[in-house]
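One structure is given here, and the rest of the page talks about it.
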Amino acid sequence: MEPCTWIDGDDLPSRLMAGPCGRPARYPGYRDVWTEPLCQRDWRRLRAVHEVPCRVVGCTNEAKHQGWCRRHEGEPLRAMEAEERDRMHAALVERIEPRGRSGCWMWMGRQTEGGYGVFDPPGERGTWLAHRLTWSMFYAGHGNGEWNNPVELDHLCTRQELSRYDYGGALCVNPLHLKPATQEANRALRQIRSDRPFVAWHAQSRQSLRPLSLVVFALRFGLPMDPSDRYVSH
């Protein structure tokens, strides 16, 4: 087992003179504050200082986006007035290119270095990853997950390198192609889809809950909800 790497001391000279904690490390650091392995005592010390609670009264989850936890990050979207929501929908759809073959909603706007879409809703609602925004528009969020295995949105239509069909992957913002999963499961599924190019991911999307608001949105803007190409089932 690796030793804890936390170095005690407040000023630079003492930090240089003091050695690592040395206790058995049980945690892989704490976000970008301290990325090296930590023991339980020092991990809790960092978490107590850097953790920010969710804005929702009574919620003990840690805030992830604009002061909201993953379960409640859609609250500011649901609080929008109808006119503001319509402006957001229009601005969002302007940046989406539908692909009927795969049913993907491809993001054509700004992107992160990692290849995910970025969107700034009107009304100072913060900067969002585009796929997280579309998910939060129609679903009630999901849990934060444990500290060492947080829950994130898995793209069911991850790009498949061996396939002759170009599925959406990270740039797809169709919420039916998203599913909450732990980071460990997300990585494993990504590898499986890469090795098996015609895995029937679309079957999962067809089983997903379809809120009426999502159906109305897709019909209003002519966005596909299911793949239309027969080859995606093989």
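Numbering starts fresh at 1 for the residues of each chain in the structure tokens, the chains themselves are lettered A, B, ... in the order given, and ligands are numbered from 1 as they appear.
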
Identify all residues of range 79-228 of chain A in alpha helix (DSSP H) (DSSP on the backbone) and supply them as a VMD selection string.
chain A and resid 82 to 93 130 to 138 183 to 195 202 to 207 212 to 221

What lies within 10 Å of Trp68 in chain A using only C-alpha atoms, ignoring chain neighbours under 3 positions off, as a list in words?
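My reading of the contact set: Val52, Pro53, Cys54, Arg55, Val56, Cys59, Asn61, Glu62, Ala63, Lys64, His65, Arg71, His72, Glu73, Gly74, Glu75 and Pro76 of chain A.
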
Please determine, counting only C-alpha atoms, which residue among A:Arg125, A:Arg26, A:His155, A:Arg78 has the shortest atom-to-atom distance to Trp43 in chain A.
A:Arg26

Proximity to Ala203 in chain A - best of A:Pro98, A:Pro24, A:Gly143, A:Gly103, only C-alpha atoms
A:Gly103

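Going from CA of Arg110 in chain A to CA of Ser205 in chain A covers 25.6 Å.
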
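Using only C-alpha atoms, the nearest neighbour of Ala25 in chain A within the list A:Pro122, A:Gly145, A:Pro227, A:Pro37 is A:Pro37.
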
Using only C-alpha atoms, what does the table of range 35-137 of chain A residues within 7 Å of range 168-190 of chain A look like, with each row giving the shortest atom pair and its distance in Å to one decimal, sorted by chain and ascending number, as CSV?
residue,atom,partner,partner_atom,distance
A:Cys104,CA,A:Cys172,CA,5.6
A:Trp105,CA,A:Cys172,CA,5.1
A:Met106,CA,A:Cys172,CA,4.6
A:Trp107,CA,A:Leu171,CA,5.2
A:Gly115,CA,A:Ala170,CA,6.4
A:Tyr116,CA,A:Ala170,CA,5.4
A:Gly117,CA,A:Leu171,CA,5.9
A:Ala130,CA,A:Val173,CA,6.4
A:His131,CA,A:Val173,CA,4.4
A:Thr134,CA,A:Pro175,CA,6.0
A:Trp135,CA,A:Pro175,CA,5.1

Prev. selection, C-alpha atoms, output as a PDB file, in the first residue's frame:
ATOM      1  CA  CYS A 104     -27.669  11.576 -32.248  1.00  0.00           C
ATOM      2  CA  TRP A 105     -27.957  15.318 -31.631  1.00  0.00           C
ATOM      3  CA  MET A 106     -24.487  16.511 -32.595  1.00  0.00           C
ATOM      4  CA  TRP A 107     -23.185  19.638 -30.892  1.00  0.00           C
ATOM      5  CA  GLY A 115     -14.158  17.396 -26.952  1.00  0.00           C
ATOM      6  CA  TYR A 116     -17.355  18.118 -25.007  1.00  0.00           C
ATOM      7  CA  GLY A 117     -19.846  20.773 -26.034  1.00  0.00           C
ATOM      8  CA  ALA A 130     -24.004  20.884 -23.380  1.00  0.00           C
ATOM      9  CA  HIS A 131     -24.871  17.248 -22.686  1.00  0.00           C
ATOM     10  CA  THR A 134     -29.903  18.760 -22.051  1.00  0.00           C
ATOM     11  CA  TRP A 135     -29.990  15.999 -19.443  1.00  0.00           C
TER      12      TRP A 135
END

Quick one: pull the distance between CA of Ile7 in chain A and CA of Arg23 in chain A, Å, one decimal.
11.3 Å

Could you pull out the strand (DSSP E) residues of range 175-216 of chain A from DSSP and send them as an MDAnalysis selection string?
chainID A and resid 178:182

Tell me which protein, DNA and RNA residues are within 9 Å of range 218-222 of chain A, counting only C-alpha atoms, leaving out same-chain ones fewer than 5 positions away, and put them as number ranges by chain.
A: 90, 93, 98, 213

Between CA of Met108 in chain A and CA of Cys157 in chain A, measure the distance and give it in Å to one decimal.
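Going from CA of Met108 in chain A over to CA of Cys157 in chain A, I get 16.8 Å.
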
Identify which of the residues A:Leu46, A:Ala140, A:Met225, A:Ile192 lies closest to Gln207 in chain A, counting only C-alpha atoms when measuring atom-to-atom distances.
A:Met225

Hey, which of A:Met137, A:Asp154, A:Arg206, A:Gly100 ends up closest to Arg85 in chain A? Count only C-alpha atoms.
A:Met137

Report as a list in words all protein, DNA and RNA residues lying within 12 Å of Val49 in chain A, evaluated on only C-alpha atoms, omitting residues in the same chain fewer than 5 positions from it.
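Everything that qualifies: Tyr30, Val33, Asp42, Trp43 and Arg44 of chain A.
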